[in-house]
>>> print(open('target.cif').read())   # mmCIF, C-alpha atoms (C1' of nucleotides)
data_entry
#
loop_
_atom_site.group_PDB
_atom_site.id
_atom_site.type_symbol
_atom_site.label_atom_id
_atom_site.label_comp_id
_atom_site.auth_asym_id
_atom_site.auth_seq_id
_atom_site.Cartn_x
_atom_site.Cartn_y
_atom_site.Cartn_z
ATOM 1 C CA MET A 1 0.000 0.000 0.000
ATOM 2 C CA ILE A 2 1.320 3.389 -0.818
ATOM 3 C CA ASN A 3 -0.936 6.399 -0.721
ATOM 4 C CA ILE A 4 -4.276 7.600 -1.966
ATOM 5 C CA ARG A 5 -2.881 9.892 -4.639
ATOM 6 C CA LEU A 6 -3.615 7.569 -7.525
ATOM 7 C CA SER A 7 -7.211 7.203 -6.488
ATOM 8 C CA VAL A 8 -7.604 10.951 -5.966
ATOM 9 C CA ALA A 9 -5.944 11.678 -9.313
ATOM 10 C CA ILE A 10 -8.339 9.381 -11.145
ATOM 11 C CA HIS A 11 -11.226 11.047 -9.365
ATOM 12 C CA VAL A 12 -9.944 14.484 -10.365
ATOM 13 C CA LEU A 13 -9.422 13.537 -14.000
ATOM 14 C CA SER A 14 -12.854 11.946 -14.225
ATOM 15 C CA LEU A 15 -14.415 15.186 -13.057
ATOM 16 C CA ILE A 16 -12.297 17.402 -15.288
ATOM 17 C CA SER A 17 -13.049 15.354 -18.358
ATOM 18 C CA THR A 18 -16.748 16.076 -18.040
ATOM 19 C CA ASP A 19 -16.413 19.683 -16.855
ATOM 20 C CA SER A 20 -13.245 21.624 -17.527
ATOM 21 C CA THR A 21 -14.398 24.667 -15.555
ATOM 22 C CA LEU A 22 -14.390 23.105 -12.098
ATOM 23 C CA SER A 23 -12.287 24.937 -9.525
ATOM 24 C CA SER A 24 -10.034 23.075 -7.111
ATOM 25 C CA GLU A 25 -12.517 24.045 -4.429
ATOM 26 C CA LYS A 26 -15.373 22.247 -6.146
ATOM 27 C CA ILE A 27 -13.284 19.215 -6.985
ATOM 28 C CA ALA A 28 -12.142 19.075 -3.368
ATOM 29 C CA SER A 29 -15.738 18.966 -2.194
ATOM 30 C CA SER A 30 -16.407 15.946 -4.386
ATOM 31 C CA VAL A 31 -13.246 14.174 -3.253
ATOM 32 C CA ASN A 32 -13.812 15.378 0.294
ATOM 33 C CA THR A 33 -10.444 16.919 0.976
ATOM 34 C CA ASN A 34 -8.668 20.255 1.037
ATOM 35 C CA PRO A 35 -8.389 22.263 -2.204
ATOM 36 C CA VAL A 36 -4.616 22.391 -1.838
ATOM 37 C CA VAL A 37 -4.489 18.615 -2.011
ATOM 38 C CA ILE A 38 -6.270 18.839 -5.353
ATOM 39 C CA ARG A 39 -3.977 21.584 -6.626
ATOM 40 C CA ARG A 40 -0.954 19.567 -5.564
ATOM 41 C CA ILE A 41 -2.089 16.530 -7.508
ATOM 42 C CA SER A 42 -3.168 18.680 -10.450
ATOM 43 C CA SER A 43 0.304 20.154 -10.464
ATOM 44 C CA ASP A 44 1.802 16.671 -10.809
ATOM 45 C CA LEU A 45 -0.612 15.812 -13.599
ATOM 46 C CA LYS A 46 0.261 19.056 -15.326
ATOM 47 C CA LYS A 47 3.993 18.346 -15.128
ATOM 48 C CA ALA A 48 3.304 14.953 -16.657
ATOM 49 C CA GLY A 49 1.503 16.591 -19.569
ATOM 50 C CA ILE A 50 -1.862 15.073 -18.752
ATOM 51 C CA LEU A 51 -3.738 18.294 -18.128
ATOM 52 C CA THR A 52 -3.356 22.032 -18.625
ATOM 53 C CA SER A 53 -4.511 24.975 -16.581
ATOM 54 C CA LYS A 54 -3.946 28.698 -16.244
ATOM 55 C CA VAL A 55 -3.082 30.613 -13.136
ATOM 56 C CA GLY A 56 -6.072 32.645 -12.054
ATOM 57 C CA VAL A 57 -8.489 30.863 -14.339
ATOM 58 C CA PRO A 58 -10.711 28.255 -12.698
ATOM 59 C CA GLY A 59 -10.704 24.859 -14.312
ATOM 60 C CA SER A 60 -8.334 22.651 -16.232
ATOM 61 C CA SER A 61 -8.485 20.506 -19.351
ATOM 62 C CA LEU A 62 -7.166 17.140 -20.408
ATOM 63 C CA THR A 63 -4.503 17.313 -23.077
ATOM 64 C CA ARG A 64 -5.774 14.186 -24.800
ATOM 65 C CA ASP A 65 -8.654 11.800 -24.952
ATOM 66 C CA PRO A 66 -9.354 9.676 -21.860
ATOM 67 C CA SER A 67 -8.836 6.616 -24.031
ATOM 68 C CA ASP A 68 -5.228 7.768 -24.477
ATOM 69 C CA ILE A 69 -4.516 8.147 -20.778
ATOM 70 C CA THR A 70 -3.581 4.929 -19.046
ATOM 71 C CA LEU A 71 -3.654 4.414 -15.311
ATOM 72 C CA PHE A 72 0.078 3.898 -15.562
ATOM 73 C CA ASP A 73 0.465 7.427 -16.949
ATOM 74 C CA ILE A 74 -1.443 8.720 -13.938
ATOM 75 C CA TYR A 75 0.449 6.487 -11.536
ATOM 76 C CA LYS A 76 3.797 7.731 -12.796
ATOM 77 C CA ALA A 77 2.628 11.312 -12.575
ATOM 78 C CA VAL A 78 1.579 11.252 -8.927
ATOM 79 C CA HIS A 79 3.972 8.764 -7.371
ATOM 80 C CA ILE A 80 7.380 9.400 -5.988
ATOM 81 C CA GLU A 81 9.900 7.421 -7.975
ATOM 82 C CA LYS A 82 10.629 4.406 -5.863
ATOM 83 C CA GLU A 83 10.628 0.655 -5.954
ATOM 84 C CA LEU A 84 7.522 -1.315 -5.140
ATOM 85 C CA PHE A 85 9.497 -3.502 -2.735
ATOM 86 C CA PRO A 86 12.425 -1.764 -1.067
ATOM 87 C CA ILE A 87 15.450 -3.831 -0.096
ATOM 88 C CA HIS A 88 17.289 -3.637 3.213
ATOM 89 C CA ASN A 89 20.547 -1.671 3.246
ATOM 90 C CA ASN A 90 24.077 -2.816 3.977
ATOM 91 C CA PRO A 91 23.711 -6.590 4.241
ATOM 92 C CA ASN A 92 26.959 -8.155 5.412
ATOM 93 C CA PRO A 93 29.300 -8.569 2.422
ATOM 94 C CA ASP A 94 31.283 -11.204 4.311
ATOM 95 C CA CYS A 95 28.282 -13.493 4.149
ATOM 96 C CA HIS A 96 27.535 -15.550 1.079
ATOM 97 C CA VAL A 97 23.884 -14.491 1.090
ATOM 98 C CA GLY A 98 24.462 -10.934 2.229
ATOM 99 C CA LYS A 99 26.909 -10.313 -0.571
ATOM 100 C CA LYS A 100 24.437 -11.021 -3.365
ATOM 101 C CA ILE A 101 21.014 -10.560 -1.893
ATOM 102 C CA GLN A 102 20.550 -6.983 -3.054
ATOM 103 C CA HIS A 103 21.292 -7.646 -6.684
ATOM 104 C CA THR A 104 19.262 -10.839 -6.706
ATOM 105 C CA LEU A 105 16.223 -9.213 -5.172
ATOM 106 C CA ASN A 106 16.516 -6.218 -7.447
ATOM 107 C CA VAL A 107 16.141 -8.487 -10.438
ATOM 108 C CA THR A 108 13.359 -10.485 -8.831
ATOM 109 C CA PHE A 109 11.322 -7.554 -7.611
ATOM 110 C CA GLU A 110 11.704 -5.708 -10.857
ATOM 111 C CA SER A 111 9.698 -8.317 -12.722
ATOM 112 C CA VAL A 112 6.998 -8.187 -10.077
ATOM 113 C CA GLN A 113 6.797 -4.441 -10.379
ATOM 114 C CA THR A 114 6.666 -4.726 -14.148
ATOM 115 C CA ALA A 115 3.729 -7.098 -13.940
ATOM 116 C CA MET A 116 1.893 -4.579 -11.821
ATOM 117 C CA GLU A 117 2.760 -1.717 -14.158
ATOM 118 C CA ASN A 118 1.669 -3.649 -17.227
ATOM 119 C CA GLU A 119 -1.727 -4.144 -15.687
ATOM 120 C CA LEU A 120 -1.963 -0.395 -15.080
ATOM 121 C CA LYS A 121 -1.019 0.175 -18.709
ATOM 122 C CA ASN A 122 -3.905 -2.030 -19.791
ATOM 123 C CA LYS A 123 -6.453 0.253 -18.169
ATOM 124 C CA THR A 124 -7.410 3.718 -19.362
ATOM 125 C CA LEU A 125 -9.160 6.661 -17.815
ATOM 126 C CA GLU A 126 -11.920 6.002 -20.321
ATOM 127 C CA SER A 127 -12.467 2.467 -19.072
ATOM 128 C CA VAL A 128 -12.735 3.718 -15.509
ATOM 129 C CA MET A 129 -15.220 6.403 -16.547
ATOM 130 C CA ASN A 130 -17.293 3.865 -18.417
ATOM 131 C CA HIS A 131 -17.509 1.909 -15.227
ATOM 132 C CA LEU A 132 -18.580 5.032 -13.357
ATOM 133 C CA ASN A 133 -21.420 5.541 -15.819
ATOM 134 C CA GLU A 134 -22.802 2.039 -15.640
ATOM 135 C CA MET B 1 5.813 -0.733 -1.701
ATOM 136 C CA ILE B 2 6.156 0.020 1.897
ATOM 137 C CA ASN B 3 8.672 -1.799 3.930
ATOM 138 C CA ILE B 4 11.681 -4.041 3.727
ATOM 139 C CA ARG B 5 10.106 -7.009 5.459
ATOM 140 C CA LEU B 6 9.736 -9.094 2.340
ATOM 141 C CA SER B 7 13.372 -8.650 1.431
ATOM 142 C CA VAL B 8 14.529 -9.379 4.969
ATOM 143 C CA ALA B 9 12.284 -12.449 5.154
ATOM 144 C CA ILE B 10 13.740 -13.853 1.952
ATOM 145 C CA HIS B 11 17.222 -13.213 3.293
ATOM 146 C CA VAL B 12 16.368 -15.002 6.549
ATOM 147 C CA LEU B 13 14.843 -18.004 4.807
ATOM 148 C CA SER B 14 17.809 -18.314 2.461
ATOM 149 C CA LEU B 15 20.137 -18.511 5.429
ATOM 150 C CA ILE B 16 17.980 -20.914 7.394
ATOM 151 C CA SER B 17 17.623 -23.271 4.494
ATOM 152 C CA THR B 18 21.368 -23.831 4.390
ATOM 153 C CA ASP B 19 21.947 -23.780 8.144
ATOM 154 C CA SER B 20 19.096 -24.472 10.530
ATOM 155 C CA THR B 21 21.197 -23.775 13.623
ATOM 156 C CA LEU B 22 21.725 -20.057 13.094
ATOM 157 C CA SER B 23 20.621 -17.867 15.986
ATOM 158 C CA SER B 24 18.721 -14.636 15.444
ATOM 159 C CA GLU B 25 21.890 -12.863 16.485
ATOM 160 C CA LYS B 26 23.902 -14.396 13.660
ATOM 161 C CA ILE B 27 21.177 -13.887 11.107
ATOM 162 C CA ALA B 28 20.901 -10.263 12.212
ATOM 163 C CA SER B 29 24.580 -9.743 11.557
ATOM 164 C CA SER B 30 24.178 -10.963 7.995
ATOM 165 C CA VAL B 31 21.097 -8.824 7.387
ATOM 166 C CA ASN B 32 22.684 -5.977 9.322
ATOM 167 C CA THR B 33 19.908 -5.248 11.744
ATOM 168 C CA ASN B 34 18.820 -5.945 15.296
ATOM 169 C CA PRO B 35 18.136 -9.545 16.382
ATOM 170 C CA VAL B 36 14.650 -8.583 17.483
ATOM 171 C CA VAL B 37 13.820 -7.551 13.943
ATOM 172 C CA ILE B 38 14.764 -11.048 12.843
ATOM 173 C CA ARG B 39 12.768 -12.696 15.588
ATOM 174 C CA ARG B 40 9.778 -10.545 14.718
ATOM 175 C CA ILE B 41 9.874 -11.624 11.092
ATOM 176 C CA SER B 42 10.585 -15.220 12.042
ATOM 177 C CA SER B 43 7.517 -15.088 14.241
ATOM 178 C CA ASP B 44 5.393 -14.078 11.248
ATOM 179 C CA LEU B 45 6.907 -16.835 9.137
ATOM 180 C CA LYS B 46 6.228 -19.316 11.904
ATOM 181 C CA LYS B 47 2.588 -18.267 12.181
ATOM 182 C CA ALA B 48 2.304 -18.745 8.431
ATOM 183 C CA GLY B 49 3.635 -22.272 8.768
ATOM 184 C CA ILE B 50 6.777 -21.623 6.759
ATOM 185 C CA LEU B 51 9.265 -22.376 9.503
ATOM 186 C CA THR B 52 9.443 -23.922 12.935
ATOM 187 C CA SER B 53 11.555 -23.138 15.958
ATOM 188 C CA LYS B 54 11.720 -23.866 19.651
ATOM 189 C CA VAL B 55 11.969 -21.420 22.513
ATOM 190 C CA GLY B 56 15.414 -21.551 23.985
ATOM 191 C CA VAL B 57 16.911 -23.550 21.139
ATOM 192 C CA PRO B 58 18.956 -21.581 18.630
ATOM 193 C CA GLY B 59 17.990 -22.025 15.008
ATOM 194 C CA SER B 60 14.887 -22.742 13.003
ATOM 195 C CA SER B 61 13.931 -25.006 10.122
ATOM 196 C CA LEU B 62 11.837 -24.722 7.000
ATOM 197 C CA THR B 63 8.696 -26.828 7.084
ATOM 198 C CA ARG B 64 8.953 -27.677 3.395
ATOM 199 C CA ASP B 65 11.266 -27.569 0.441
ATOM 200 C CA PRO B 66 12.281 -24.118 -0.884
ATOM 201 C CA SER B 67 10.738 -25.119 -4.216
ATOM 202 C CA ASP B 68 7.384 -25.282 -2.403
ATOM 203 C CA ILE B 69 7.643 -21.830 -0.875
ATOM 204 C CA THR B 70 6.571 -19.042 -3.211
ATOM 205 C CA LEU B 71 7.425 -15.401 -2.701
ATOM 206 C CA PHE B 72 3.694 -14.848 -2.369
ATOM 207 C CA ASP B 73 3.630 -17.175 0.632
ATOM 208 C CA ILE B 74 6.366 -15.081 2.203
ATOM 209 C CA TYR B 75 4.730 -11.829 1.211
ATOM 210 C CA LYS B 76 1.444 -12.821 2.824
ATOM 211 C CA ALA B 77 3.258 -13.916 5.947
ATOM 212 C CA VAL B 78 5.085 -10.669 6.617
ATOM 213 C CA HIS B 79 2.740 -8.022 5.271
ATOM 214 C CA ILE B 80 -0.113 -6.358 7.038
ATOM 215 C CA GLU B 81 -3.323 -7.199 5.234
ATOM 216 C CA LYS B 82 -4.095 -4.181 3.162
ATOM 217 C CA GLU B 83 -4.737 -3.036 -0.364
ATOM 218 C CA LEU B 84 -1.911 -2.180 -2.707
ATOM 219 C CA PHE B 85 -3.617 1.067 -3.694
ATOM 220 C CA PRO B 86 -5.751 2.568 -0.951
ATOM 221 C CA ILE B 87 -8.760 4.663 -1.917
ATOM 222 C CA HIS B 88 -9.685 8.009 -0.418
ATOM 223 C CA ASN B 89 -12.445 8.011 2.192
ATOM 224 C CA ASN B 90 -15.845 9.645 2.137
ATOM 225 C CA PRO B 91 -16.081 10.992 -1.411
ATOM 226 C CA ASN B 92 -19.169 13.159 -1.805
ATOM 227 C CA PRO B 93 -22.190 10.891 -2.456
ATOM 228 C CA ASP B 94 -24.099 13.820 -3.963
ATOM 229 C CA CYS B 95 -21.646 13.872 -6.840
ATOM 230 C CA HIS B 96 -22.025 11.507 -9.738
ATOM 231 C CA VAL B 97 -18.369 10.552 -9.620
ATOM 232 C CA GLY B 98 -18.037 10.620 -5.852
ATOM 233 C CA LYS B 99 -20.922 8.243 -5.460
ATOM 234 C CA LYS B 100 -19.359 5.415 -7.451
ATOM 235 C CA ILE B 101 -15.630 6.040 -7.393
ATOM 236 C CA GLN B 102 -14.848 3.776 -4.470
ATOM 237 C CA HIS B 103 -16.552 0.722 -5.886
ATOM 238 C CA THR B 104 -15.149 1.332 -9.347
ATOM 239 C CA LEU B 105 -11.602 1.721 -8.119
ATOM 240 C CA ASN B 106 -11.903 -1.277 -5.862
ATOM 241 C CA VAL B 107 -12.644 -3.438 -8.871
ATOM 242 C CA THR B 108 -9.948 -1.800 -10.960
ATOM 243 C CA PHE B 109 -7.201 -1.915 -8.356
ATOM 244 C CA GLU B 110 -8.022 -5.467 -7.410
ATOM 245 C CA SER B 111 -6.984 -6.741 -10.804
ATOM 246 C CA VAL B 112 -3.743 -4.785 -10.615
ATOM 247 C CA GLN B 113 -2.973 -6.254 -7.247
ATOM 248 C CA THR B 114 -3.796 -9.720 -8.533
ATOM 249 C CA ALA B 115 -1.335 -9.293 -11.388
ATOM 250 C CA MET B 116 1.358 -8.422 -8.885
ATOM 251 C CA GLU B 117 0.479 -11.326 -6.638
ATOM 252 C CA ASN B 118 0.478 -13.791 -9.504
ATOM 253 C CA GLU B 119 3.998 -12.787 -10.350
ATOM 254 C CA LEU B 120 5.014 -13.416 -6.744
ATOM 255 C CA LYS B 121 3.361 -16.826 -6.951
ATOM 256 C CA ASN B 122 5.478 -17.648 -9.975
ATOM 257 C CA LYS B 123 8.696 -17.272 -8.018
ATOM 258 C CA THR B 124 9.941 -19.609 -5.327
ATOM 259 C CA LEU B 125 12.497 -19.381 -2.580
ATOM 260 C CA GLU B 126 14.438 -21.996 -4.516
ATOM 261 C CA SER B 127 14.647 -19.815 -7.604
ATOM 262 C CA VAL B 128 15.946 -16.914 -5.550
ATOM 263 C CA MET B 129 18.543 -19.137 -3.916
ATOM 264 C CA ASN B 130 19.654 -20.472 -7.277
ATOM 265 C CA HIS B 131 20.257 -16.914 -8.300
ATOM 266 C CA LEU B 132 22.281 -16.318 -5.136
ATOM 267 C CA ASN B 133 24.508 -19.261 -5.978
ATOM 268 C CA GLU B 134 25.254 -18.257 -9.533
ATOM 269 C "C1'" DG C 1 20.409 -27.600 39.607
ATOM 270 C "C1'" DA C 2 22.836 -23.429 38.406
ATOM 271 C "C1'" DA C 3 24.647 -20.682 34.604
ATOM 272 C "C1'" DG C 4 24.862 -19.042 30.133
ATOM 273 C "C1'" DG C 5 22.642 -18.291 26.070
ATOM 274 C "C1'" DG C 6 18.335 -18.559 23.204
ATOM 275 C "C1'" DT C 7 13.439 -17.364 21.765
ATOM 276 C "C1'" DG C 8 9.113 -14.678 21.978
ATOM 277 C "C1'" DT C 9 7.093 -10.501 22.769
ATOM 278 C "C1'" DA C 10 5.829 -6.072 24.824
ATOM 279 C "C1'" DA C 11 6.925 -1.318 24.982
ATOM 280 C "C1'" DC C 12 8.976 2.723 23.530
ATOM 281 C "C1'" DA C 13 12.057 6.160 20.742
ATOM 282 C "C1'" DA C 14 13.498 7.915 16.353
ATOM 283 C "C1'" DT C 15 12.636 8.476 11.781
ATOM 284 C "C1'" DT C 16 10.016 9.063 7.808
ATOM 285 C "C1'" DA C 17 6.057 9.693 4.751
ATOM 286 C "C1'" DC C 18 1.489 11.346 3.921
ATOM 287 C "C1'" DT C 19 -2.381 14.336 4.417
ATOM 288 C "C1'" DG C 20 -4.521 18.402 5.756
ATOM 289 C "C1'" DT C 21 -4.078 23.185 6.604
ATOM 290 C "C1'" DT C 22 -2.674 28.094 6.569
ATOM 291 C "C1'" DA C 23 -0.596 31.645 4.132
ATOM 292 C "C1'" DC C 24 0.496 34.296 0.337
ATOM 293 C "C1'" DA C 25 2.296 35.876 -4.273
ATOM 294 C "C1'" DA C 26 0.759 36.242 -8.873
ATOM 295 C "C1'" DC C 27 -2.783 36.119 -12.097
ATOM 296 C "C1'" DT C 28 -7.625 36.675 -14.548
ATOM 297 C "C1'" DC C 29 -11.792 38.657 -15.492
ATOM 298 C "C1'" DA C 30 -15.963 41.149 -14.704
ATOM 299 C "C1'" DT D 1 -10.299 47.791 -8.626
ATOM 300 C "C1'" DG D 2 -11.766 43.697 -6.289
ATOM 301 C "C1'" DA D 3 -13.295 39.095 -5.822
ATOM 302 C "C1'" DG D 4 -11.891 34.714 -6.914
ATOM 303 C "C1'" DT D 5 -8.408 31.449 -8.544
ATOM 304 C "C1'" DT D 6 -3.968 28.877 -9.241
ATOM 305 C "C1'" DG D 7 0.634 27.488 -7.664
ATOM 306 C "C1'" DT D 8 3.524 26.624 -4.008
ATOM 307 C "C1'" DA D 9 5.975 26.913 0.388
ATOM 308 C "C1'" DA D 10 5.759 25.796 5.123
ATOM 309 C "C1'" DC D 11 4.207 23.475 8.963
ATOM 310 C "C1'" DA D 12 1.239 20.391 12.202
ATOM 311 C "C1'" DG D 13 -0.900 16.023 13.105
ATOM 312 C "C1'" DT D 14 -1.030 11.336 12.271
ATOM 313 C "C1'" DA D 15 0.450 6.829 11.206
ATOM 314 C "C1'" DA D 16 3.688 3.314 9.902
ATOM 315 C "C1'" DT D 17 8.231 1.334 10.139
ATOM 316 C "C1'" DT D 18 12.474 0.181 12.162
ATOM 317 C "C1'" DG D 19 15.638 -0.166 15.819
ATOM 318 C "C1'" DT D 20 16.252 -0.810 20.659
ATOM 319 C "C1'" DT D 21 15.750 -2.129 25.559
ATOM 320 C "C1'" DA D 22 13.783 -5.145 28.729
ATOM 321 C "C1'" DC D 23 12.299 -9.334 30.451
ATOM 322 C "C1'" DA D 24 9.755 -13.781 31.080
ATOM 323 C "C1'" DC D 25 10.444 -18.303 29.915
ATOM 324 C "C1'" DC D 26 12.866 -22.123 27.939
ATOM 325 C "C1'" DC D 27 16.900 -25.318 26.534
ATOM 326 C "C1'" DT D 28 21.531 -27.370 27.130
ATOM 327 C "C1'" DT D 29 25.668 -28.135 29.382
ATOM 328 C "C1'" DC D 30 28.601 -28.401 33.042
#
>>> encode(input="target.cif", output="structure tokens")
Amino acid sequence: MINIRLSVAIHVLSLISTDSTLSSEKIASSVNTNPVVIRRISSDLKKAGILTSKVGVPGSSLTRDPSDITLFDIYKAVHIEKELFPIHNNPNPDCHVGKKIQHTLNVTFESVQTAMENELKNKTLESVMNHLNE
Amino acid sequence: MINIRLSVAIHVLSLISTDSTLSSEKIASSVNTNPVVIRRISSDLKKAGILTSKVGVPGSSLTRDPSDITLFDIYKAVHIEKELFPIHNNPNPDCHVGKKIQHTLNVTFESVQTAMENELKNKTLESVMNHLNE
DNA sequence: GAAGGGTGTAACAATTACTGTTACAACTCA
DNA sequence: TGAGTTGTAACAGTAATTGTTACACCCTTC
């Protein structure tokens, strides 16, 4: 478990895609949080090229169709760059296991993380919104 | 993800499988942590039926062959039960999106988590140890 | 049966990350 | 001009994780 940013970001983008004039205040009331939390996440999404906005002007717009935005795009935008499974530091290099454990687990965990990321790539904002409209 | 328990647990099990007489003190010196951290993780692994040990007797043993212990077994043993991607609480039910976002994301995130877990199920302690011995 | 050394576990400190919040500069538009 | 907004820094509160001390209880050996 990491944080709720991905879920908030998807919520935000779902709202924006149907109404590009919503202020952070209004979005916050739908998400049930503070407007600054919304602006913070919007800022990440903006840096990632997923949405645009103008200082002083309420609202923001998607830069492309929801079918072209994968959950992985959103995930990358709002998550700190770090490994899914961190590995303990400074294992004892004088030990047969300690000497190689970090490299071994790096390789192992990387494929697990990739499997997770591929599944996020298979899902788009559009598919989530379709589910919301069912 | 969140913590280094999975990587420490794999380290511990790799050591135990080649020497079932190692004390938590010795294991801790290979992992480079405090013996209590090792005993805490060993306790989880014991509850999960992956290893056995006796109070007062140094060492512990695997209950089955490393080829029968998947990384998912270890993951379940040492991780708090919780979702990979948590979802924000109390979205506004008066909003079209807020009303359904939690259920929708639950379904969506579940399949992502399953993809990750399946990859963990595909890897065994034996395969990790083979990599350590290369 | 006493001593030394283990395990199991509770309790607490230190650290870190996340969320919520206040504050404010800079900007837009009526 | 003034109300309302975005973008962002700064900080408090909370929660989770790890490391650590402490100690009851249990072997094993002498």
>>> residues_around(input="target.cif", residues="stretch 17-28 of chain D", least_positions_apart="5", cutoff="10 Å", atoms="all atoms listed in the file", output="PyMOL selection string")
(chain B and resi 2-5+33-37+54-58) or (chain C and resi 4-16)
>>> residues_around(input="target.cif", residues="B:Asp68", least_positions_apart="2", cutoff="9 Å", atoms="all atoms listed in the file", output="JSON, numbers by chain")
{"B": [64, 65, 66, 70, 124, 125, 126]}
>>> atom_distance(input="target.cif", atom1="atom CA of A:Phe72", atom2="atom CA of B:Tyr75")
23.5 Å
>>> residues_near_point(input="target.cif", point="(0.7, -4.6, -14.0)", cutoff="9 Å", atoms="only C-alpha atoms (C1' of nucleotides)", output="PDB file with C-alpha atoms, keeping the file's coordinate frame")
ATOM      1  CA  PHE A  72       0.078   3.898 -15.562  1.00  0.00           C
ATOM      2  CA  VAL A 112       6.998  -8.187 -10.077  1.00  0.00           C
ATOM      3  CA  GLN A 113       6.797  -4.441 -10.379  1.00  0.00           C
ATOM      4  CA  THR A 114       6.666  -4.726 -14.148  1.00  0.00           C
ATOM      5  CA  ALA A 115       3.729  -7.098 -13.940  1.00  0.00           C
ATOM      6  CA  MET A 116       1.893  -4.579 -11.821  1.00  0.00           C
ATOM      7  CA  GLU A 117       2.760  -1.717 -14.158  1.00  0.00           C
ATOM      8  CA  ASN A 118       1.669  -3.649 -17.227  1.00  0.00           C
ATOM      9  CA  GLU A 119      -1.727  -4.144 -15.687  1.00  0.00           C
ATOM     10  CA  LEU A 120      -1.963  -0.395 -15.080  1.00  0.00           C
ATOM     11  CA  LYS A 121      -1.019   0.175 -18.709  1.00  0.00           C
ATOM     12  CA  ASN A 122      -3.905  -2.030 -19.791  1.00  0.00           C
TER      13      ASN A 122
ATOM     14  CA  SER B 111      -6.984  -6.741 -10.804  1.00  0.00           C
ATOM     15  CA  VAL B 112      -3.743  -4.785 -10.615  1.00  0.00           C
ATOM     16  CA  GLN B 113      -2.973  -6.254  -7.247  1.00  0.00           C
ATOM     17  CA  THR B 114      -3.796  -9.720  -8.533  1.00  0.00           C
ATOM     18  CA  ALA B 115      -1.335  -9.293 -11.388  1.00  0.00           C
ATOM     19  CA  MET B 116       1.358  -8.422  -8.885  1.00  0.00           C
TER      20      MET B 116
END
>>> resolve_selection(input="target.cif", expression="the PyMOL selection byres ((chain D and resi 6) around 12)", output="list in words")
Ser23, Ser24, Glu25, Pro35, Val36, Ile38, Arg39, Arg40, Ser42, Ser43, Thr52, Ser53, Lys54, Val55, Gly56, Val57, Pro58, Gly59 and Ser60 of chain A; DC24, DA25, DA26, DC27 and DT28 of chain C; DG4, DT5, DG7 and DT8 of chain D
>>> build_atoms(input="target.cif", residues="stretch 40-53 of chain B", atoms="N, CA and C atoms", output="PDB file, in the coordinates of the input")
ATOM      1  N   ARG B  40      11.121 -11.017  15.053  1.00  0.00           N
ATOM      2  CA  ARG B  40       9.778 -10.545  14.718  1.00  0.00           C
ATOM      3  C   ARG B  40       9.334 -11.145  13.380  1.00  0.00           C
ATOM      4  N   ILE B  41      10.212 -11.093  12.417  1.00  0.00           N
ATOM      5  CA  ILE B  41       9.874 -11.624  11.092  1.00  0.00           C
ATOM      6  C   ILE B  41       9.765 -13.150  11.141  1.00  0.00           C
ATOM      7  N   SER B  42      10.660 -13.768  11.890  1.00  0.00           N
ATOM      8  CA  SER B  42      10.585 -15.220  12.042  1.00  0.00           C
ATOM      9  C   SER B  42       9.257 -15.622  12.677  1.00  0.00           C
ATOM     10  N   SER B  43       8.796 -14.808  13.592  1.00  0.00           N
ATOM     11  CA  SER B  43       7.517 -15.088  14.241  1.00  0.00           C
ATOM     12  C   SER B  43       6.382 -15.085  13.217  1.00  0.00           C
ATOM     13  N   ASP B  44       6.412 -14.128  12.308  1.00  0.00           N
ATOM     14  CA  ASP B  44       5.393 -14.078  11.248  1.00  0.00           C
ATOM     15  C   ASP B  44       5.482 -15.313  10.351  1.00  0.00           C
ATOM     16  N   LEU B  45       6.713 -15.688  10.023  1.00  0.00           N
ATOM     17  CA  LEU B  45       6.907 -16.835   9.137  1.00  0.00           C
ATOM     18  C   LEU B  45       6.466 -18.126   9.825  1.00  0.00           C
ATOM     19  N   LYS B  46       6.658 -18.147  11.130  1.00  0.00           N
ATOM     20  CA  LYS B  46       6.228 -19.316  11.904  1.00  0.00           C
ATOM     21  C   LYS B  46       4.705 -19.411  11.928  1.00  0.00           C
ATOM     22  N   LYS B  47       4.058 -18.275  12.174  1.00  0.00           N
ATOM     23  CA  LYS B  47       2.588 -18.267  12.181  1.00  0.00           C
ATOM     24  C   LYS B  47       2.030 -18.700  10.835  1.00  0.00           C
ATOM     25  N   ALA B  48       2.755 -18.385   9.775  1.00  0.00           N
ATOM     26  CA  ALA B  48       2.304 -18.745   8.431  1.00  0.00           C
ATOM     27  C   ALA B  48       2.662 -20.190   8.084  1.00  0.00           C
ATOM     28  N   GLY B  49       3.317 -20.864   9.008  1.00  0.00           N
ATOM     29  CA  GLY B  49       3.635 -22.272   8.768  1.00  0.00           C
ATOM     30  C   GLY B  49       4.803 -22.498   7.839  1.00  0.00           C
ATOM     31  N   ILE B  50       5.640 -21.484   7.674  1.00  0.00           N
ATOM     32  CA  ILE B  50       6.777 -21.623   6.759  1.00  0.00           C
ATOM     33  C   ILE B  50       8.010 -22.157   7.473  1.00  0.00           C
ATOM     34  N   LEU B  51       8.142 -21.820   8.743  1.00  0.00           N
ATOM     35  CA  LEU B  51       9.265 -22.376   9.503  1.00  0.00           C
ATOM     36  C   LEU B  51       8.835 -22.769  10.902  1.00  0.00           C
ATOM     37  N   THR B  52       9.688 -23.531  11.546  1.00  0.00           N
ATOM     38  CA  THR B  52       9.443 -23.922  12.935  1.00  0.00           C
ATOM     39  C   THR B  52      10.667 -23.578  13.771  1.00  0.00           C
ATOM     40  N   SER B  53      10.443 -23.428  15.054  1.00  0.00           N
ATOM     41  CA  SER B  53      11.555 -23.138  15.958  1.00  0.00           C
ATOM     42  C   SER B  53      11.096 -23.498  17.365  1.00  0.00           C
TER      43      SER B  53
END
